[in-house]
Structures are given as C-alpha cells and as structure tokens.
Amino acid sequence: MKFRAKMIDLGCLNHFTRVVNTIAKLTKSCVLRLTPDNLYFVLSGKVANGGVSMWCELLQVNFFDEYQMEGLSPEANEICLEVAPENISRALKTAQNAKAVKVKLTKKHCPCLTLSAELPSLSSISRVVTHDIPVEVIPRRLWHEFKEPTVPDFDVSIYLPPLKTMKNVVDRMKNLSNILVLEANLGGEMNLKIETDLVSVTTHFKDLGNPPWGDSASQSRSQSWDPEAMAHARVDVRKLQQFLIGQQINPSKAMCNIVHNRIVHLILLQEDMSLQYFIPAVA
Amino acid sequence: MDCVATGGNVKVLAKAVHSLSRIGEDLYLEPLDDGLTLRTVNSSRSAFACFLLSPLFFQKFHVSHGRGFRCKMPIKSVQAVFRSLSSLERTVEKCHIELNSEKSRLTFTLHCKHGLLKTHNLSFQDCESLQAVFDKERCANVLQAQPRLLVDTVLHFPPSLEEVKASVTADRLLLKNHVENDADQAKAMRTELCLSSEEFLHFSVSAPTSITFCLKELRVSDGVLVFAESTDLPVSMHFDEPGSPVVLSVTDSVLEANFVLATLSEDSHCNHDNGHKKRPRTPPPADDFMCDDMDSYLIAMETSEMAGPSSRTEPRSSSEREQEEEQRPHSKKFCSFFFGSVLPTSSQTANQTLQNQDVLASDSEDEQ
C-alpha cells in the first residue's frame with residue numbers, strides 16, 4: 001500500500017481544511033478511504049456512535065496537485081485507514097499559509113499519515129513542520145462496512161433552509177428538550193418541533209422546494225405519499241445540532257430526506273464534494 | 001527603597017509583573033545596588049523567572065543601605081495594581097514604589113492624568129533571596145531570535161502537549177513532541193518542526209545536543225514570549241546538556257529578564273533515546289520534504305487478509321514497550337533547580353555560577 005499526495009494551491013488547502021474541520025466536529029474517529037479517484041471520510045452507523053453514520057466524498061483531482069496511490073492489490077485498489085479527523089484538522093491548522101502540503105502514508109512508530117507542510121520562513125530555507133498522525137490500517141475483510149450507503153427510500157425530500165437559521169433555531173430548542181421532531185411535506189414545508197409536558201414550540205419554514213429525484217428507485221415511497229402530509233422523525237437534538245454547528249463548508253445545495261419515523265438523511269452538496277449524514281429516528 | 005518609573009517604563013514594569021504571574025504565585029522583590037529584581041518560581045520548581053530593572057530604568061532609584069530589604073507577596077495583588085495594560089498606557093504618568101517600613105507596607109502609587117492618584121498599600125512577607133543556579137556564560141549553545149519566531153514555533157504544537165524536545169546541530173534546530181512510552185501516547189500525533197539557523201539572529205552551537213523541557217512555560221500566553229513580543233526585543237536561548245536548565249533571556253540597556261526552565265535529566269533522556277529510536281539522529285525533515293523522489297518514502301505496509309494490522313502491530317509494540325520499561329526504571333524526571341540554602345555542599349558549581357549574588361537562594365520555606 002502506498003499513498004502520497006501534494007497540495008500547492010492555497011484555495012484547495014483552505015477548502016480541504018474546512019471539510020476536515022467539519023468532519024472533525026461530527027466524529028472523533030472515522031475511516032478514511034482512499035481510491036484512485038476519490039477520498040472518503042466514512043462513519044458507519046454503530047450503536048457506539050448513537051447510530052449516526054456519515055459519508056463524505058471528495059474528488060481528489062479538485063484538491064490535490066499530485067496524487068499517487070497503490071492500494072492493497074490491483075483488484076482491490078483501495079486503502080482504508082481509521083483516523084482521528086481532529087488530528088488531521090490540527091495538523092492542517094498549522095499549515096494554513098503553507099507553500100505546499102504533502103500527505104503520505106508512512107511507517108513510523110506505527111502506521112501514520114504524515115502531513116508535512118513547507119512554511120514561509122524568515123530565511124531562504126523554508127520552515128518544515130511534520131505531523132505524524134497515527135492511523136490503523138483496516139483489513140480487507142472489514143471493508144464492506146465502509147461502502148457507500150444507499151439513499152434511503154424516503155417519503156419526503158426537501159431543500160433545507162439556510163443552515164445558520166436552522167442552527168439558531170435548533171440551538172434554542174436544545175435548551176427545552178432532548179428530542180426534536182423534524183417534519184416536512186412535499187409542498188415545500190418543513191417544521192422543527194419541540195414537544196414537552198410544559199411547552200410545545202414549532203418553527204415553520206415555507207416554500208423550501210422539493211428536490212427532483214427523477215426516476216431513481218428511491219422514489220417509490222414518495223410517489224405514493226400524500227403531498228400535504230408531513231413525514232416526521234423524532235431525532236436526538238444534539239446529533240442535529242452537531243451537524244449544524246460543525247459545518248464549515250458552504251454547500252451549494254443542502255437537502256434533507258425523511259423516512260417517516262425511521263431516519264433523517266441530510267445531504268450537503270458542492271461541485272467537488274458531498275457530505276451525507278444519517279440520524280436515526282428515536283421512538 | 002524608593003523608586004519612580006515614568007511613561008513607557010510603567011508599562012514595561014506592568015508587563016514584567018504580568019509575565020511573572022504566568023509562572024509563579026509569589027513575587028519576590030529585592031532592591032539591589034544594580035537595580036530592582038523581581039523574581040518568581042513555579043510550584044514544582046521547574047521554572048524560575050527573574051527581571052532586573054537597572055537604576056537607569058527608573059527616574060529615581062534609591063536603595064537604603066544597611067540591612068538588605070527583600071520581601072515576597074502574592075503576585076495577584078501586584079497584578080491588581082497594573083490591572084489593565086491598555087488603560088495604563090493612556091492614563092498613568094508615573095509609578096512610585098516605596099517601602100513604608102513603619103507600617104510594613106509596600107506602597108505603589110500610580111500618578112494618573114488629571115492629577116488622579118491611585119495608591120495601593122500591599123502587605124508583604126520577609127523572605128530569603130530567591131535565586132536559581134544557572135550560568136548563561138558557560139552554556140555551550142546560544143541561539144538568538146526574534147520573539148515572533150518562537151511564538152510561531154510553539155503554535156504548531158497542540159495545546160495539550162506538555163513537553164517539547166529541542167535538538168540542535170550546527171545548522172538547525174529541530175523541535176518535536178517529547179513522547180512518553182505509555183500506551184495512549186503511542187496513539188498521539190507527533191509533530192516535528194525544523195528551523196534553519198538562518199532564521200535566527202545568532203546561532204552558535206558548539207555542542208550538538210537534545211534537551212526536553214516544558215512547553216507550557218514557553219507558550220505564547222505564558223511568560224517570556226509575551227514579554228519579549230510586547231517589547232520587541234530579541235530572545236536569547238542558552239542551554240547545555242540535558243538536565244541543566246535552559247535560559248531564555250531578553251536584554252535591553254536598562255533591563256534584563258531571565259526565564260530559567262528545567263530540562264529532563266540526562267539518564268532518562270538517554271534511555272528514552274536509545275529505547276525509542278533506532279537511528280541515532282533523525283534524518284533532516286527539510287531534505288525529506290524537498291526530496292521529491294516518491295519511492296524513497298513510500299513504505300510498504302502489507303495487510304494480509306487473515307490478520308488485521310491491529311493484531312500484527314500490537315503485540316510487537318507492547319513488547320517493545322515492556323522492554324523499554326525495563327530499561328527505564330523511573331519515568332521522566334525534571335531536575336528541579338538548586339536553590340541556595342542547600343548549596344554549600346555543592347559549593348564548587350555554586351561559586352562559579354553566582355559571582356555577584358551574596359545570598360544564594362533560599363527557597364527553603366514551604367510556601368506552595
């Protein structure tokens with residue numbers, strides 16, 4: 001297994017840093033999957049992380065000036081690493097105004113993702129800072145856990161209101177209850193609700209629009225769904241808040257799919273990256 | 001004692017007090033013929049700081065002869081005198097420090113604009129002189145840099161990191177995390193930063209060495225760099241072999257500040273080196289980065305399908321660790337400073353190091 005990549009463009013570096021920061025806010029540990037064309041940050045839904053899962057896909061050509069990898073074998077040309085995104089985020093933070101950043105897989109005291117940045121200095125010789133981020137190489141027999149999740153057969157799909165607005169609402173609601181009800185219909189309406197014995201609060205969003213999903217297979221349920229009816233899911237408010245607080249990417253599209261009483265599927269889209277986040281509904 | 005500081009020097013005095021407050025709890029104040037000394041030491045005695053403000057620093061500097069006066073007081077109460085640095089600069093015209101021996105109070109009087117007078121009467125305790133044993137002149141290695149360089153450097157290390165290891169060779173300074181050999185540290189991120197000698201104002205290394213010291217005292221928010229950066233004076237770093245202190249100093253025509261940090265002592269340091277690293281010296285990261293030959297640092301890591309890497313690497317590293325445990329009977333040990341009252345036994349070094357201090361040091365009281 002070999003991996004080496006280099007970033008020179010400051011814009012790409014900043015963009016990559018924002019993506020990693022976002023991931024770092026969502027999870028302490030995740031899997032970094034490297035393929036010849038893409039990088040993926042994956043969190044598979046396990047009880048230990050409260051059933052949430054995450055899938056973040058980056059097109060390598062849009063971030064790296066050089067990118068070379070050799071996977072496990074020619075027919076399984078991938079590398080799967082377990083890594084703490086916080087470490088990558090911290091390493092990138094110190095590389096903010098770097099002239100170049102290199103990332104490579106190395107064998108040091110343990111397998112490491114080594115990130116070295118060439119920094120401007122006071123002399124003609126660049127300052128070089130190197131961070132060895134310990135990783136665990138995931139054996140092939142476990143790879144199946146980190147495959148791309150299928151878009152659930154949702155009842156309602158809707159564009160999200162501005163995330164900042166949503167964050168402000170959720171922040172306030174969090175003080176009132178641990179459970180938030182997210183509901184939406186096919187008429188472009190979405191509600192965020194808190195229901196406790198003492199108080200009920202609802203924030204209504206209108207005219208959000210429903211993304212066209214075309215003829216994809218996942219449409220079967222929403223075609224039979226009454227356009228006026230609300231599909232709703234009760235979710236852990238902290239999970240939703242985490243998603244809204246941490247996100248530093250400015251998505252061109254943000255949407256949400258709801259499977260009635262089952263799951264909330266949040267998607268942030270940009271030309272060169274996508275982030276999907278799944279929050280299971282609680283009873 | 002009776003002294004008066006004016007204008008910008010009040011701010012310098014205030015900054016000195018603030019930077020001392022990052023290190024210790026008590027301020028030791030002692031007027032000498034060659035100036036006013038302000039000193040402190042941290043509770044674990046691994047960091048000591050001293051400011052010497054020369055008589056020229058003050059508009060008026062008068063020390064009564066006879067019984068040498070020295071005292072200590074909680075640094076918080078002195079900090080309260082100089083609470084806001086920004087307003088200090090705008091409002092305070094002069095600061096008068098006077099010993100009121102009748103009432104046993106040290107009086108700080110701030111003369112502000114519009115005739116406003118702020119008087120702080122601080123109670124104090126008598127104490128012995130506090131002085132750490134160090135000798136800059138005899139250090140084999142001296143580096144001098146703009147404070148900005150060191151401030152930028154410490155930024156690269158995570159805030160949770162306690163100790164940093166600095167290695168010098170003839171042409172560069174290499175800083176990296178000091179790694180302990182326990183399990184959770186094996187999982188920790190390691191950072192290395194290499195500074196070429198050209199970035200320093202002065203770089204003289206006659207004995208290449210590696211020293212390990214606490215990063216906390218060096219941090220931006222702490223002690224020396226704050227002071228150096230705010231006064232924009234170059235910082236000198238004097239050090240010798242592991243175990244002997246590293247001295248960071250800032251010198252001006254009217255003041256001298258020394259921050260003395262303990263370093264990890266030799267034995268644990270050596271073992272650490274031998275046990276942990278197979279190579280005697282780390283390859284230059286600078287060259288490593290410049291080198292674009294891909295194969296030279298692509299490493300092969302096979303993962304067989306049966307055994308995951310976790311099962312492969314773990315037994316090895318744990319046995320390695322055990323081995324190291326054996327080699328290293330005790331974990332890290334900072335040499336704490338030798339303070340004077342215990343010194344007479346090791347008189348030789350003491351005499352050499354402290355030519356102009358009549359009292360060597362005294363930190364026998366238990367004031368922590």
# chains A, B, ... in the order shown; residues from 1 in each chain; ligands from 1

$ interface_residues --of "chain A" --to "chain B" --cutoff "9 Å" --atoms "only C-alpha atoms" --output "number ranges by chain"
A: 1-4, 72, 87, 90-91, 93-95, 102, 104-107, 109-112, 116-118, 121-141

$ write_last_selection --atoms "N, CA and C atoms" --output "short mmCIF file (atom, residue, chain, number, x, y, z; two decimals), in the first residue's frame"
data_model
loop_
_atom_site.label_atom_id
_atom_site.label_comp_id
_atom_site.auth_asym_id
_atom_site.auth_seq_id
_atom_site.Cartn_x
_atom_site.Cartn_y
_atom_site.Cartn_z
N MET A 1 0.84 -1.20 0.00
CA MET A 1 0.00 0.00 0.00
C MET A 1 0.87 1.24 0.00
N LYS A 2 0.58 2.11 -0.88
CA LYS A 2 1.36 3.34 -0.94
C LYS A 2 0.41 4.50 -1.16
N PHE A 3 0.74 5.59 -0.57
CA PHE A 3 -0.08 6.77 -0.81
C PHE A 3 0.76 8.03 -0.61
N ARG A 4 0.60 8.94 -1.53
CA ARG A 4 1.32 10.19 -1.44
C ARG A 4 0.53 11.23 -2.22
N LEU A 72 -4.31 -2.05 -1.86
CA LEU A 72 -3.92 -3.35 -1.32
C LEU A 72 -3.45 -4.29 -2.44
N ASN A 87 -7.07 15.13 14.54
CA ASN A 87 -5.62 15.23 14.33
C ASN A 87 -5.29 15.84 12.97
N ARG A 90 -6.00 19.48 13.16
CA ARG A 90 -4.99 20.23 13.89
C ARG A 90 -3.72 20.41 13.07
N ALA A 91 -3.39 19.35 12.36
CA ALA A 91 -2.19 19.42 11.52
C ALA A 91 -2.38 20.45 10.41
N LYS A 93 -4.28 23.00 10.49
CA LYS A 93 -4.36 24.34 11.07
C LYS A 93 -2.98 24.99 11.10
N THR A 94 -1.98 24.19 11.41
CA THR A 94 -0.64 24.77 11.47
C THR A 94 -0.05 24.94 10.08
N ALA A 95 -0.75 24.42 9.07
CA ALA A 95 -0.24 24.52 7.71
C ALA A 95 -0.98 25.58 6.93
N LYS A 102 2.25 18.15 1.91
CA LYS A 102 2.32 16.77 1.42
C LYS A 102 1.68 15.85 2.43
N LYS A 104 1.34 11.74 3.18
CA LYS A 104 1.76 10.43 2.73
C LYS A 104 1.56 9.39 3.82
N LEU A 105 1.47 8.15 3.37
CA LEU A 105 1.32 7.06 4.30
C LEU A 105 2.72 6.60 4.66
N THR A 106 3.00 6.55 5.94
CA THR A 106 4.36 6.18 6.35
C THR A 106 4.32 5.13 7.45
N LYS A 107 5.42 4.50 7.59
CA LYS A 107 5.56 3.54 8.69
C LYS A 107 6.54 4.15 9.67
N HIS A 109 6.55 4.91 14.19
CA HIS A 109 6.37 4.05 15.35
C HIS A 109 5.15 3.17 15.18
N CYS A 110 4.24 3.63 14.33
CA CYS A 110 3.07 2.86 13.97
C CYS A 110 2.69 3.38 12.58
N PRO A 111 1.74 2.76 11.90
CA PRO A 111 1.37 3.35 10.61
C PRO A 111 0.88 4.78 10.82
N CYS A 112 1.35 5.67 9.99
CA CYS A 112 1.00 7.07 10.16
C CYS A 112 0.62 7.70 8.84
N SER A 116 3.25 16.89 5.94
CA SER A 116 4.31 17.87 6.13
C SER A 116 4.02 19.12 5.33
N ALA A 117 4.27 20.22 5.95
CA ALA A 117 3.96 21.50 5.33
C ALA A 117 5.23 22.31 5.20
N GLU A 118 5.38 22.90 4.06
CA GLU A 118 6.51 23.79 3.83
C GLU A 118 6.00 25.20 4.09
N SER A 121 9.38 31.25 5.68
CA SER A 121 10.25 31.50 6.82
C SER A 121 10.95 32.83 6.65
N LEU A 122 11.77 33.15 7.63
CA LEU A 122 12.48 34.42 7.59
C LEU A 122 13.72 34.33 6.71
N SER A 123 14.11 33.11 6.38
CA SER A 123 15.31 32.94 5.57
C SER A 123 14.94 32.34 4.22
N SER A 124 15.95 32.00 3.44
CA SER A 124 15.69 31.44 2.13
C SER A 124 15.29 29.97 2.24
N ILE A 125 15.61 29.37 3.36
CA ILE A 125 15.26 27.97 3.56
C ILE A 125 13.89 27.89 4.23
N SER A 126 13.02 27.10 3.64
CA SER A 126 11.66 27.01 4.19
C SER A 126 11.66 26.30 5.52
N ARG A 127 10.67 26.68 6.30
CA ARG A 127 10.45 26.01 7.56
C ARG A 127 9.60 24.78 7.23
N VAL A 128 9.92 23.66 7.81
CA VAL A 128 9.12 22.48 7.53
C VAL A 128 8.56 21.93 8.83
N VAL A 129 7.24 21.76 8.83
CA VAL A 129 6.64 21.15 10.01
C VAL A 129 6.02 19.83 9.58
N THR A 130 6.25 18.81 10.37
CA THR A 130 5.78 17.47 10.03
C THR A 130 4.93 16.93 11.15
N HIS A 131 3.77 16.45 10.80
CA HIS A 131 2.88 15.84 11.80
C HIS A 131 2.69 14.38 11.45
N ASP A 132 2.96 13.51 12.38
CA ASP A 132 2.69 12.09 12.16
C ASP A 132 1.39 11.74 12.85
N ILE A 133 0.40 11.45 12.04
CA ILE A 133 -0.92 11.15 12.61
C ILE A 133 -1.09 9.64 12.62
N PRO A 134 -1.18 9.05 13.80
CA PRO A 134 -1.31 7.59 13.84
C PRO A 134 -2.61 7.14 13.18
N VAL A 135 -2.53 6.10 12.40
CA VAL A 135 -3.74 5.54 11.76
C VAL A 135 -3.73 4.04 12.01
N GLU A 136 -4.88 3.45 11.81
CA GLU A 136 -4.91 2.00 11.87
C GLU A 136 -5.35 1.53 10.49
N VAL A 137 -4.60 0.63 9.94
CA VAL A 137 -4.95 0.14 8.61
C VAL A 137 -6.06 -0.89 8.78
N ILE A 138 -7.14 -0.69 8.02
CA ILE A 138 -8.28 -1.58 8.18
C ILE A 138 -8.14 -2.76 7.23
N PRO A 139 -8.18 -3.97 7.75
CA PRO A 139 -8.00 -5.13 6.89
C PRO A 139 -9.18 -5.29 5.92
N ARG A 140 -8.90 -5.94 4.84
CA ARG A 140 -9.87 -6.01 3.77
C ARG A 140 -11.18 -6.67 4.19
N ARG A 141 -11.08 -7.62 5.10
CA ARG A 141 -12.32 -8.31 5.48
C ARG A 141 -13.34 -7.38 6.14
#

$ select_by_dssp --residues "region 12-96 of chain B" --states "strand (DSSP E or B)" --output "VMD selection string"
chain B and resid 26 to 32 35 to 41 47 to 53 60 to 62 71 to 74 92 to 96

$ residues_around --residues "region 238-250 of chain B" --least-positions-apart "4" --cutoff "10 Å" --atoms "only C-alpha atoms" --output "JSON, numbers by chain"
{"B": [46, 47, 48, 49, 50, 51, 132, 133, 134, 135, 136, 137, 138, 139, 140, 141, 142, 143, 144, 147, 204, 205, 206, 207, 208, 209, 210, 211, 212, 213, 218, 224, 225, 227, 228, 231, 232, 233, 234, 255, 256, 257, 258, 259, 260, 261, 262, 263, 264, 265, 266, 267, 268, 269, 270, 333, 334, 335, 336, 337]}

$ select_by_dssp --residues "region 4-155 of chain A" --states "alpha helix (DSSP H)" --output "MDAnalysis selection string"
chainID A and resid 10:26 85:93

$ residues_around --residues "Leu32 (chain A)" --least-positions-apart "2" --cutoff "10 Å" --atoms "only C-alpha atoms" --output "number ranges by chain"
A: 29-30, 34-35, 39-43, 56, 79-85, 135, 137-138, 146

$ atom_distance --atom1 "CA of Ile249 (chain A)" --atom2 "CA of Met230 (chain A)"
28.9 Å

$ residues_around --residues "Ser44 (chain A)" --least-positions-apart "4" --cutoff "9 Å" --atoms "only C-alpha atoms" --output "list in words"
Cys30, Val31, Asn49, Gly51, Val52, Ser53, Met54, Trp55, Glu145, Phe146, Lys147 and Pro149 of chain A

$ residues_around --residues "Leu38 (chain B)" --least-positions-apart "4" --cutoff "9 Å" --atoms "only C-alpha atoms" --output "PDB file with N, CA and C atoms, in the first residue's frame"
ATOM      1  N   ALA B  16       6.179  43.076  32.928  1.00  0.00           N
ATOM      2  CA  ALA B  16       7.062  42.160  33.649  1.00  0.00           C
ATOM      3  C   ALA B  16       6.277  41.438  34.737  1.00  0.00           C
ATOM      4  N   VAL B  17       5.458  42.196  35.464  1.00  0.00           N
ATOM      5  CA  VAL B  17       4.661  41.575  36.526  1.00  0.00           C
ATOM      6  C   VAL B  17       3.685  40.569  35.931  1.00  0.00           C
ATOM      7  N   LEU B  20       5.501  37.416  34.845  1.00  0.00           N
ATOM      8  CA  LEU B  20       5.896  36.621  36.008  1.00  0.00           C
ATOM      9  C   LEU B  20       4.696  35.880  36.591  1.00  0.00           C
ATOM     10  N   LEU B  27       5.530  36.927  44.174  1.00  0.00           N
ATOM     11  CA  LEU B  27       6.538  37.797  43.594  1.00  0.00           C
ATOM     12  C   LEU B  27       7.580  38.092  44.662  1.00  0.00           C
ATOM     13  N   TYR B  28       8.816  37.810  44.339  1.00  0.00           N
ATOM     14  CA  TYR B  28       9.921  38.102  45.245  1.00  0.00           C
ATOM     15  C   TYR B  28      10.548  39.399  44.774  1.00  0.00           C
ATOM     16  N   LEU B  29      10.576  40.353  45.656  1.00  0.00           N
ATOM     17  CA  LEU B  29      11.058  41.666  45.261  1.00  0.00           C
ATOM     18  C   LEU B  29      12.281  42.010  46.092  1.00  0.00           C
ATOM     19  N   GLU B  30      13.325  42.411  45.418  1.00  0.00           N
ATOM     20  CA  GLU B  30      14.552  42.721  46.157  1.00  0.00           C
ATOM     21  C   GLU B  30      15.306  43.857  45.475  1.00  0.00           C
ATOM     22  N   PRO B  31      15.433  44.988  46.137  1.00  0.00           N
ATOM     23  CA  PRO B  31      16.226  46.074  45.552  1.00  0.00           C
ATOM     24  C   PRO B  31      17.709  45.827  45.818  1.00  0.00           C
ATOM     25  N   ALA B  49      11.819  32.714  37.033  1.00  0.00           N
ATOM     26  CA  ALA B  49      11.969  33.886  36.188  1.00  0.00           C
ATOM     27  C   ALA B  49      12.468  35.054  37.013  1.00  0.00           C
ATOM     28  N   CYS B  50      13.266  35.877  36.398  1.00  0.00           N
ATOM     29  CA  CYS B  50      13.846  36.989  37.123  1.00  0.00           C
ATOM     30  C   CYS B  50      13.964  38.200  36.208  1.00  0.00           C
ATOM     31  N   PHE B  51      13.523  39.338  36.690  1.00  0.00           N
ATOM     32  CA  PHE B  51      13.727  40.587  35.973  1.00  0.00           C
ATOM     33  C   PHE B  51      14.678  41.450  36.794  1.00  0.00           C
ATOM     34  N   LEU B  52      15.639  42.030  36.136  1.00  0.00           N
ATOM     35  CA  LEU B  52      16.475  43.002  36.811  1.00  0.00           C
ATOM     36  C   LEU B  52      16.280  44.331  36.091  1.00  0.00           C
ATOM     37  N   LEU B  53      15.702  45.270  36.820  1.00  0.00           N
ATOM     38  CA  LEU B  53      15.477  46.593  36.239  1.00  0.00           C
ATOM     39  C   LEU B  53      16.570  47.498  36.788  1.00  0.00           C
TER      40      LEU B  53
END

$ atom_distance --atom1 "CA of Val237 (chain A)" --atom2 "CA of Ala24 (chain A)"
18.7 Å

$ residues_around --residues "Glu25 (chain B)" --least-positions-apart "6" --cutoff "9 Å" --atoms "only C-alpha atoms" --output "number ranges by chain"
B: 40-43, 73-76, 368

$ write_last_selection --atoms "all heavy atoms" --output "PDB file, in the first residue's frame"
ATOM      1  N   THR B  40      10.263  35.091  40.443  1.00  0.00           N
ATOM      2  CA  THR B  40       9.235  34.136  40.837  1.00  0.00           C
ATOM      3  C   THR B  40       9.689  32.736  40.465  1.00  0.00           C
ATOM      4  O   THR B  40      10.597  32.559  39.652  1.00  0.00           O
ATOM      5  CB  THR B  40       7.867  34.455  40.186  1.00  0.00           C
ATOM      6  OG1 THR B  40       6.864  33.688  40.830  1.00  0.00           O
ATOM      7  CG2 THR B  40       7.861  34.127  38.710  1.00  0.00           C
ATOM      8  N   VAL B  41       9.048  31.760  41.066  1.00  0.00           N
ATOM      9  CA  VAL B  41       9.343  30.373  40.741  1.00  0.00           C
ATOM     10  C   VAL B  41       8.016  29.631  40.732  1.00  0.00           C
ATOM     11  O   VAL B  41       7.082  30.010  41.445  1.00  0.00           O
ATOM     12  CB  VAL B  41      10.344  29.778  41.767  1.00  0.00           C
ATOM     13  CG1 VAL B  41       9.737  29.690  43.152  1.00  0.00           C
ATOM     14  CG2 VAL B  41      10.853  28.415  41.326  1.00  0.00           C
ATOM     15  N   ASN B  42       7.878  28.631  39.885  1.00  0.00           N
ATOM     16  CA  ASN B  42       6.598  27.918  39.857  1.00  0.00           C
ATOM     17  C   ASN B  42       6.536  26.887  40.977  1.00  0.00           C
ATOM     18  O   ASN B  42       7.537  26.603  41.634  1.00  0.00           O
ATOM     19  CB  ASN B  42       6.326  27.291  38.492  1.00  0.00           C
ATOM     20  CG  ASN B  42       7.237  26.115  38.198  1.00  0.00           C
ATOM     21  OD1 ASN B  42       8.217  25.897  38.887  1.00  0.00           O
ATOM     22  ND2 ASN B  42       6.905  25.371  37.169  1.00  0.00           N
ATOM     23  N   SER B  43       5.362  26.344  41.183  1.00  0.00           N
ATOM     24  CA  SER B  43       5.185  25.498  42.366  1.00  0.00           C
ATOM     25  C   SER B  43       6.002  24.222  42.275  1.00  0.00           C
ATOM     26  O   SER B  43       6.426  23.690  43.292  1.00  0.00           O
ATOM     27  CB  SER B  43       3.712  25.173  42.554  1.00  0.00           C
ATOM     28  OG  SER B  43       3.228  24.559  41.401  1.00  0.00           O
ATOM     29  N   MET B  73       5.362  38.671  48.063  1.00  0.00           N
ATOM     30  CA  MET B  73       3.924  38.906  48.230  1.00  0.00           C
ATOM     31  C   MET B  73       3.201  38.154  47.129  1.00  0.00           C
ATOM     32  O   MET B  73       3.810  37.802  46.106  1.00  0.00           O
ATOM     33  CB  MET B  73       3.636  40.397  48.152  1.00  0.00           C
ATOM     34  CG  MET B  73       4.044  41.029  46.845  1.00  0.00           C
ATOM     35  SD  MET B  73       4.147  42.801  46.984  1.00  0.00           S
ATOM     36  CE  MET B  73       5.825  43.006  47.479  1.00  0.00           C
ATOM     37  N   PRO B  74       1.922  37.901  47.325  1.00  0.00           N
ATOM     38  CA  PRO B  74       1.184  37.211  46.266  1.00  0.00           C
ATOM     39  C   PRO B  74       1.219  38.046  44.986  1.00  0.00           C
ATOM     40  O   PRO B  74       0.975  39.251  45.024  1.00  0.00           O
ATOM     41  CB  PRO B  74      -0.240  37.108  46.810  1.00  0.00           C
ATOM     42  CG  PRO B  74      -0.115  37.297  48.276  1.00  0.00           C
ATOM     43  CD  PRO B  74       1.071  38.184  48.479  1.00  0.00           C
ATOM     44  N   ILE B  75       1.547  37.396  43.915  1.00  0.00           N
ATOM     45  CA  ILE B  75       1.712  38.149  42.677  1.00  0.00           C
ATOM     46  C   ILE B  75       0.389  38.740  42.204  1.00  0.00           C
ATOM     47  O   ILE B  75       0.340  39.768  41.538  1.00  0.00           O
ATOM     48  CB  ILE B  75       2.373  37.255  41.602  1.00  0.00           C
ATOM     49  CG1 ILE B  75       3.102  38.110  40.581  1.00  0.00           C
ATOM     50  CG2 ILE B  75       1.390  36.350  40.928  1.00  0.00           C
ATOM     51  CD1 ILE B  75       4.190  37.363  39.852  1.00  0.00           C
ATOM     52  N   LYS B  76      -0.694  38.096  42.599  1.00  0.00           N
ATOM     53  CA  LYS B  76      -2.031  38.585  42.208  1.00  0.00           C
ATOM     54  C   LYS B  76      -2.272  40.002  42.712  1.00  0.00           C
ATOM     55  O   LYS B  76      -2.871  40.819  42.026  1.00  0.00           O
ATOM     56  CB  LYS B  76      -3.111  37.663  42.781  1.00  0.00           C
ATOM     57  CG  LYS B  76      -3.221  36.350  42.070  1.00  0.00           C
ATOM     58  CD  LYS B  76      -4.676  36.039  41.726  1.00  0.00           C
ATOM     59  CE  LYS B  76      -4.769  34.979  40.651  1.00  0.00           C
ATOM     60  NZ  LYS B  76      -4.251  33.688  41.119  1.00  0.00           N
ATOM     61  N   GLN B 368       4.243  26.762  48.975  1.00  0.00           N
ATOM     62  CA  GLN B 368       3.282  26.401  47.920  1.00  0.00           C
ATOM     63  C   GLN B 368       1.964  25.973  48.513  1.00  0.00           C
ATOM     64  O   GLN B 368       1.837  24.953  49.085  1.00  0.00           O
ATOM     65  CB  GLN B 368       3.764  25.234  47.065  1.00  0.00           C
ATOM     66  CG  GLN B 368       4.980  25.563  46.304  1.00  0.00           C
ATOM     67  CD  GLN B 368       6.152  24.752  46.752  1.00  0.00           C
ATOM     68  OE1 GLN B 368       6.140  24.267  47.839  1.00  0.00           O
ATOM     69  NE2 GLN B 368       7.159  24.647  45.945  1.00  0.00           N
TER      70      GLN B 368
END

$ atom_distance --atom1 "CA of Val264 (chain A)" --atom2 "CA of Phe278 (chain A)"
5.8 Å

$ closest_residue --among "B:Gly8, B:Gly35, B:Gly24, B:Gly68" --to "Ser129 (chain B)" --atoms "only C-alpha atoms"
B:Gly68
